[in-house]
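Below is my_file24.pdb, which holds PDB, C-alpha atoms.
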ATOM      1  CA  MET O   4      16.559   7.187  18.978  1.00  0.00           C
ATOM      2  CA  TRP O   5      18.478   4.170  20.216  1.00  0.00           C
ATOM      3  CA  ILE O   6      18.876   2.562  16.755  1.00  0.00           C
ATOM      4  CA  ARG O   7      20.785   5.616  15.566  1.00  0.00           C
ATOM      5  CA  GLN O   8      23.077   5.464  18.601  1.00  0.00           C
ATOM      6  CA  ILE O   9      23.737   1.745  18.085  1.00  0.00           C
ATOM      7  CA  HIS O  10      24.510   2.437  14.429  1.00  0.00           C
ATOM      8  CA  ARG O  11      27.044   5.114  15.391  1.00  0.00           C
ATOM      9  CA  TRP O  12      28.847   2.839  17.858  1.00  0.00           C
ATOM     10  CA  LEU O  13      28.875  -0.026  15.379  1.00  0.00           C
ATOM     11  CA  SER O  14      30.410   2.253  12.754  1.00  0.00           C
ATOM     12  CA  ILE O  15      33.166   3.193  15.203  1.00  0.00           C
ATOM     13  CA  ALA O  16      33.825  -0.489  15.952  1.00  0.00           C
ATOM     14  CA  PHE O  17      33.888  -1.301  12.235  1.00  0.00           C
ATOM     15  CA  THR O  18      36.303   1.546  11.524  1.00  0.00           C
ATOM     16  CA  LEU O  19      38.646   0.388  14.284  1.00  0.00           C
ATOM     17  CA  ALA O  20      38.515  -3.193  12.985  1.00  0.00           C
ATOM     18  CA  VAL O  21      39.392  -2.045   9.465  1.00  0.00           C
ATOM     19  CA  ILE O  22      42.276   0.051  10.797  1.00  0.00           C
ATOM     20  CA  ALA O  23      43.539  -2.964  12.767  1.00  0.00           C
ATOM     21  CA  ASN O  24      43.293  -5.066   9.615  1.00  0.00           C
ATOM     22  CA  ILE O  25      45.294  -2.521   7.603  1.00  0.00           C
ATOM     23  CA  VAL O  26      47.951  -2.311  10.320  1.00  0.00           C
ATOM     24  CA  ALA O  27      48.203  -6.117  10.431  1.00  0.00           C
ATOM     25  CA  LEU O  28      48.581  -6.265   6.659  1.00  0.00           C
ATOM     26  CA  THR O  29      51.351  -3.650   6.645  1.00  0.00           C
ATOM     27  CA  MET O  30      53.162  -5.552   9.401  1.00  0.00           C
ATOM     28  CA  GLN O  31      52.609  -8.759   7.381  1.00  0.00           C
ATOM     29  CA  ILE O  32      50.889 -10.567  10.244  1.00  0.00           C
ATOM     30  CA  GLN O  33      49.036 -13.598   8.905  1.00  0.00           C
ATOM     31  CA  ALA O  34      46.094 -14.055  11.281  1.00  0.00           C
ATOM     32  CA  ALA O  35      42.712 -14.968   9.881  1.00  0.00           C
ATOM     33  CA  TRP O  36      40.834 -13.650  12.913  1.00  0.00           C
ATOM     34  CA  ILE O  37      42.111 -10.122  12.273  1.00  0.00           C
ATOM     35  CA  GLY O  38      40.637 -10.192   8.789  1.00  0.00           C
ATOM     36  CA  LEU O  39      37.342 -11.581  10.051  1.00  0.00           C
ATOM     37  CA  MET O  40      37.176  -9.096  12.911  1.00  0.00           C
ATOM     38  CA  ALA O  41      35.609  -6.461  10.653  1.00  0.00           C
ATOM     39  CA  PHE O  42      32.674  -8.731   9.795  1.00  0.00           C
ATOM     40  CA  VAL O  43      31.430  -8.879  13.391  1.00  0.00           C
ATOM     41  CA  PRO O  44      30.096  -5.277  13.491  1.00  0.00           C
ATOM     42  CA  LEU O  45      29.395  -5.237   9.757  1.00  0.00           C
ATOM     43  CA  LEU O  46      26.244  -7.382   9.802  1.00  0.00           C
ATOM     44  CA  PRO O  47      24.399  -5.426  12.530  1.00  0.00           C
ATOM     45  CA  LEU O  48      25.704  -2.228  10.931  1.00  0.00           C
ATOM     46  CA  LEU O  49      24.054  -3.296   7.681  1.00  0.00           C
ATOM     47  CA  ALA O  50      20.765  -4.077   9.453  1.00  0.00           C
ATOM     48  CA  THR O  51      20.628  -0.779  11.345  1.00  0.00           C
ATOM     49  CA  GLY O  52      21.708   1.159   8.266  1.00  0.00           C
ATOM     50  CA  LEU O  53      18.966  -0.370   6.140  1.00  0.00           C
ATOM     51  CA  TYR O  54      16.415   0.404   8.852  1.00  0.00           C
ATOM     52  CA  LEU O  55      17.575   4.020   9.101  1.00  0.00           C
ATOM     53  CA  PHE O  56      17.512   4.297   5.305  1.00  0.00           C
ATOM     54  CA  ALA O  57      13.932   3.014   5.086  1.00  0.00           C
ATOM     55  CA  LEU O  58      12.645   5.025   8.047  1.00  0.00           C
ATOM     56  CA  PRO O  59      11.720   8.226   6.129  1.00  0.00           C
ATOM     57  CA  TYR O  60       9.908   6.224   3.467  1.00  0.00           C
ATOM     58  CA  LEU O  61       7.988   4.229   6.058  1.00  0.00           C
ATOM     59  CA  SER O  62       6.948   7.362   7.941  1.00  0.00           C
ATOM     60  CA  ARG O  63       5.771   9.007   4.706  1.00  0.00           C
ATOM     61  CA  ARG O  64       3.651   5.984   3.940  1.00  0.00           C
ATOM     62  CA  SER O  65       2.014   6.045   7.377  1.00  0.00           C
ATOM     63  CA  GLU O  66       1.333   9.806   7.056  1.00  0.00           C
ATOM     64  CA  ALA O  67      -0.319   9.280   3.674  1.00  0.00           C
ATOM     65  CA  ARG O  68      -2.697   6.711   5.155  1.00  0.00           C
ATOM     66  CA  SER O  69      -3.802   9.093   7.935  1.00  0.00           C
TER      67      SER O  69
END

Translate this file's structure into structure tokens.
Amino acid sequence: MWIRQIHRWLSIAFTLAVIANIVALTMQIQAAWIGLMAFVPLLPLLATGLYLFALPYLSRRSEARS
């Protein structure tokens, strides 16, 4: 399923952004865009994660109606 694949790639991008943020903090680089970089993949990651979380419950509901 393509949503699952998108979710995996977004999680990799989010992890790399958090690592870059931690490295910037340890090097004491004061750049606001580095801190905000993790929010870019976070919002679609939240949306795909909520969809994948609800998917089993939605499929159970449709099976019960059949």

Val21 in chain O proximity check over O:Ala34, O:Ile6, O:Leu46, O:Met40, using only C-alpha atoms: winner is O:Met40

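Across O:Ile37, O:Pro47, O:Gln8, O:Leu55, the tightest approach to Ile22 in chain O is made by O:Ile37 when counting all atoms listed in the file.
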
For this file, the PyMOL selection byres ((chain O and resi 42) around 12) selects which residues, as a PDB file with C-alpha atoms, in the frame of the given file?
ATOM      1  CA  LEU O  13      28.875  -0.026  15.379  1.00  0.00           C
ATOM      2  CA  SER O  14      30.410   2.253  12.754  1.00  0.00           C
ATOM      3  CA  ALA O  16      33.825  -0.489  15.952  1.00  0.00           C
ATOM      4  CA  PHE O  17      33.888  -1.301  12.235  1.00  0.00           C
ATOM      5  CA  THR O  18      36.303   1.546  11.524  1.00  0.00           C
ATOM      6  CA  LEU O  19      38.646   0.388  14.284  1.00  0.00           C
ATOM      7  CA  ALA O  20      38.515  -3.193  12.985  1.00  0.00           C
ATOM      8  CA  VAL O  21      39.392  -2.045   9.465  1.00  0.00           C
ATOM      9  CA  ASN O  24      43.293  -5.066   9.615  1.00  0.00           C
ATOM     10  CA  ALA O  35      42.712 -14.968   9.881  1.00  0.00           C
ATOM     11  CA  TRP O  36      40.834 -13.650  12.913  1.00  0.00           C
ATOM     12  CA  ILE O  37      42.111 -10.122  12.273  1.00  0.00           C
ATOM     13  CA  GLY O  38      40.637 -10.192   8.789  1.00  0.00           C
ATOM     14  CA  LEU O  39      37.342 -11.581  10.051  1.00  0.00           C
ATOM     15  CA  MET O  40      37.176  -9.096  12.911  1.00  0.00           C
ATOM     16  CA  ALA O  41      35.609  -6.461  10.653  1.00  0.00           C
ATOM     17  CA  VAL O  43      31.430  -8.879  13.391  1.00  0.00           C
ATOM     18  CA  PRO O  44      30.096  -5.277  13.491  1.00  0.00           C
ATOM     19  CA  LEU O  45      29.395  -5.237   9.757  1.00  0.00           C
ATOM     20  CA  LEU O  46      26.244  -7.382   9.802  1.00  0.00           C
ATOM     21  CA  PRO O  47      24.399  -5.426  12.530  1.00  0.00           C
ATOM     22  CA  LEU O  48      25.704  -2.228  10.931  1.00  0.00           C
ATOM     23  CA  LEU O  49      24.054  -3.296   7.681  1.00  0.00           C
TER      24      LEU O  49
END

Give me, please, the distance in Å between CA of Arg63 in chain O and CA of Met4 in chain O, quoted to one decimal. 18.0 Å

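CA of His10 in chain O lies 14.1 Å from CA of Ala57 in chain O.
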
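Relative to CA of Trp5 in chain O, CA of Leu61 in chain O is found at 17.6 Å.
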
What box, with edges along x, y and z, holds each listed atom of range 17-21 of chain O when 5 Å is added on every side, and can you state its centre and edge lengths in Å to one decimal, as JSON?
{"center_x": 36.6, "center_y": -0.8, "center_z": 11.9, "size_x": 15.5, "size_y": 14.7, "size_z": 14.8}
